[in-house]
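Q: Before we start, here is the structure in question, set down as structure tokens.
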Amino acid sequence: MRGLVAAIMAVMLVAVLAYAITAPSVLSEGGLPTHEADATAGQQIFRAGGCASCHASPVDGKRARGADKLLLGGGMELASGKGTFVVPNISPHLEDGIGRWSTLDFVNAMLRGVSPDGRHYYPSFPYTSYARMRLEDVIDLKAYLDTLPEVSGGSAAHDLGFPWSLRRGIGAWKRLYFDTGFVVATAATDPLLERGRYLVEGPGHCGECHTPRNWFAALDAGRWLAGAPSPAGDGRVPNITPAGKNVSAWSIEDIAYYFESGFTPDFDAVGGSMVAVQENLAQLTADDREAIAAYLKAVPAIE
Amino acid sequence: MSAMKRVVLVAALSVLFSMSAAAGDSPQGERQALMKDVRESAKVIGNTMRGKIDYDAAAVIESLNVFRDASARFGELFPAGSETGEETEAAPAIWEDREGFDAAISKWAEATDVALAGLPDTLDEAKPVLGSVMQNCKGCHDDYRIEED
């Protein structure tokens with residue numbers, strides 16, 4: 001009898017601990033700065049963040065182009081080794097999108113990976129990078145999203161295998177792997193590098209594709225930007241450290257020109273999913289393109 | 001012609017023939033060789049636009065003609081059975097979405113024809129015309145090429 005009580009108490013203790021460990025951590029209203037939201041500045045964040053590359057609804061089964069990139073109805077399917085993620089509607093639609101979200105709701109989604117109803121988001125939504133963003137930039141982004149057209153239609157639920165289907169488990173994953181610090185410490189020495197680091201490691205979330213992941217789908221910081229298998233299946237996402245064949249051979253100006261034009265120095269054209277990224281980069285300022293290029297030349301070279 | 005010259009000429013010709021034979025052996029090889037020509041021409045137009053070389057309308061027109069000839073031939077170089085092999089970077093989407101692929105090639109051909117029909121005399125005026133040709137490279141490579149490291 002005593003043994004049974006002890007066993008029940010042990011199970012309850014584990015359950016309570018698991019509940020506590022996996023509890024979402026959020027910012028409160030008092031954590032927001034006094035900042036007047038600027039939708040125009042938010043548009044630049046929208047481009048730097050590449051939100052449309054995933055959230056714009058596909059047209060005829062292909063990625064949205066031109067004005068369709070502003071119709072953020074979601075629905076794109078992201079295949080992964082853990083199952084299929086379906087990108088949600090983030091248009092300002094009141095029922096199907098995020099039209100009812102407060103600024104605080106949006107900040108907690110972007111920086112903490114927590115939904116307004118207190119559930120964890122899967123890191124297929126790259127809040128793991130966005131967590132490095134300045135609060136002001138996130139607030140500006142929300143103001144810009146609010147100006148976009150409402151799109152109706154919710155998207156289907158993710159289709160994930162066990163144990164990935166247990167959303168609460170993301171709480172434990174976050175404790176192990178959710179690191180909001182910057183990766184490349186040395187890039188803080190120079191304003192240009194620091195700006196580049198902010199764009200790459202924060203809103204640009206370049207590491208989410210260019211860095212390999214471990215079995216738990218967490219980025220391997222020891223191989224930061226050193227290339228990874230393509231999430232789409234075919235091909236590879238290239239190494240963009242100074243040890244990679246492109247960044248090693250190109251000058252800062254060459255890299256910035258690639259971002260602006262979509263052409264390498266010997267006029268191969270950008271291809272694959274990088275095309276949508278490059279189109280966004282082309283809309284940033286020349287200074288920001290240079291900052292990203294300078295940062296890429298300065299990160300640790302990893303073979 | 002001296003005997004020496006003849007030997008050199010024959011040797012050169014046989015090298016050329018064997019190269020073109022190798023390139024023409026398969027659709028994969030042929031389209032890869034054709035794409036190399038396109039890349040060389042893209043370098044001329046691209047470096048002109050980038051300001052790395054002076055604007056030379058005759059050189060640009062020559063490159064545009066390479067584009068036009070290539071765009072006319074590309075469609076037939078992706079037959080069924082050439083989906084894989086010879087390190088092809090052709091994406092399965094070419095065969096799954098033939099219509100879209102053909103349309104992308106047509107867009108390239110049309111933009112090239114527009115540029116050939118009236119290439120402006122100054123670089124500043126030529127840039128947007130050439131830009132609308134050059135943007136077709138990524139317009140096709142985004143869906144129809146597999147990206148390798």
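In the structure tokens, chains take letters A, B, ... by order of appearance, with residues numbered from 1 within each chain and ligands from 1 in the order shown.
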Enumerate as a ChimeraX atom specification the residues belonging to chain A that approach chain B to within 6 Å, with only C-alpha atoms taken into account.

A: /A:235-236,238,267,269-272,275

Q: What lies within 7 Å of Ile139 of chain A using only C-alpha atoms, ignoring chain neighbours under 3 positions off, as a VMD selection string?

A: chain A and resid 37 103 135 to 136 142 to 143

Q: May I have the selected residues written with C-alpha atoms, as a JSON list (two decimals), in the first residue's frame?

A:
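Final file, selection.json:
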```json
[["chain", "number", "residue", "atom", "x", "y", "z"],
["A", 37, "ALA", "CA", 4.07, 51.82, -34.80],
["A", 103, "THR", "CA", 0.23, 43.85, -30.54],
["A", 135, "LEU", "CA", 10.56, 44.84, -30.12],
["A", 136, "GLU", "CA", 10.13, 48.05, -32.12],
["A", 142, "LYS", "CA", 2.40, 44.17, -37.10],
["A", 143, "ALA", "CA", 1.34, 47.66, -38.22]]
```

Q: So which residues touch Asp56 of chain B within 12 Å, counting only C-alpha atoms, skipping near sequence neighbours fewer than 5 positions away, as a list in words?

A: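 Once the adjacent positions are removed, what remains is Val44, Ile45, Asn47, Thr48, Met49, Gly51, Ile61, Glu62, Ser63, Leu119, Pro120, Asp121, Thr122, Leu123 and Ala126 of chain B.
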
Q: Suppose we keep C-alpha atoms; can you now write the selection as a PDB file, in the first residue's frame?

A:
```
ATOM      1  CA  VAL B  44      28.585  39.750 -71.672  1.00  0.00           C
ATOM      2  CA  ILE B  45      25.152  41.280 -71.072  1.00  0.00           C
ATOM      3  CA  ASN B  47      28.848  42.587 -66.982  1.00  0.00           C
ATOM      4  CA  THR B  48      27.718  45.355 -69.313  1.00  0.00           C
ATOM      5  CA  MET B  49      24.751  46.082 -67.062  1.00  0.00           C
ATOM      6  CA  GLY B  51      29.349  48.426 -65.549  1.00  0.00           C
ATOM      7  CA  ILE B  61      23.201  41.800 -79.971  1.00  0.00           C
ATOM      8  CA  GLU B  62      25.472  38.826 -80.616  1.00  0.00           C
ATOM      9  CA  SER B  63      24.705  37.572 -77.112  1.00  0.00           C
ATOM     10  CA  LEU B 119      18.129  47.885 -78.618  1.00  0.00           C
ATOM     11  CA  PRO B 120      18.673  51.466 -77.373  1.00  0.00           C
ATOM     12  CA  ASP B 121      21.965  53.253 -78.063  1.00  0.00           C
ATOM     13  CA  THR B 122      22.798  54.185 -74.498  1.00  0.00           C
ATOM     14  CA  LEU B 123      23.411  51.861 -71.564  1.00  0.00           C
ATOM     15  CA  ALA B 126      19.243  49.624 -72.640  1.00  0.00           C
TER      16      ALA B 126
END
```

Q: Check the DSSP output for the backbone and give back, as a ChimeraX atom specification, the residues of segment 10-125 of chain B in helix (DSSP H, G or I).

A: /B:10-24,27-50,57-77,93-96,98-117,123-125

Q: Can you tell me which residues surround Ala70 of chain B at a distance of at most 10 Å, considering only C-alpha atoms, apart from same-chain residues fewer than 3 positions away, and format the answer as number ranges by chain?

A: B: 31, 34-35, 37-38, 64-67, 73-75, 105, 109
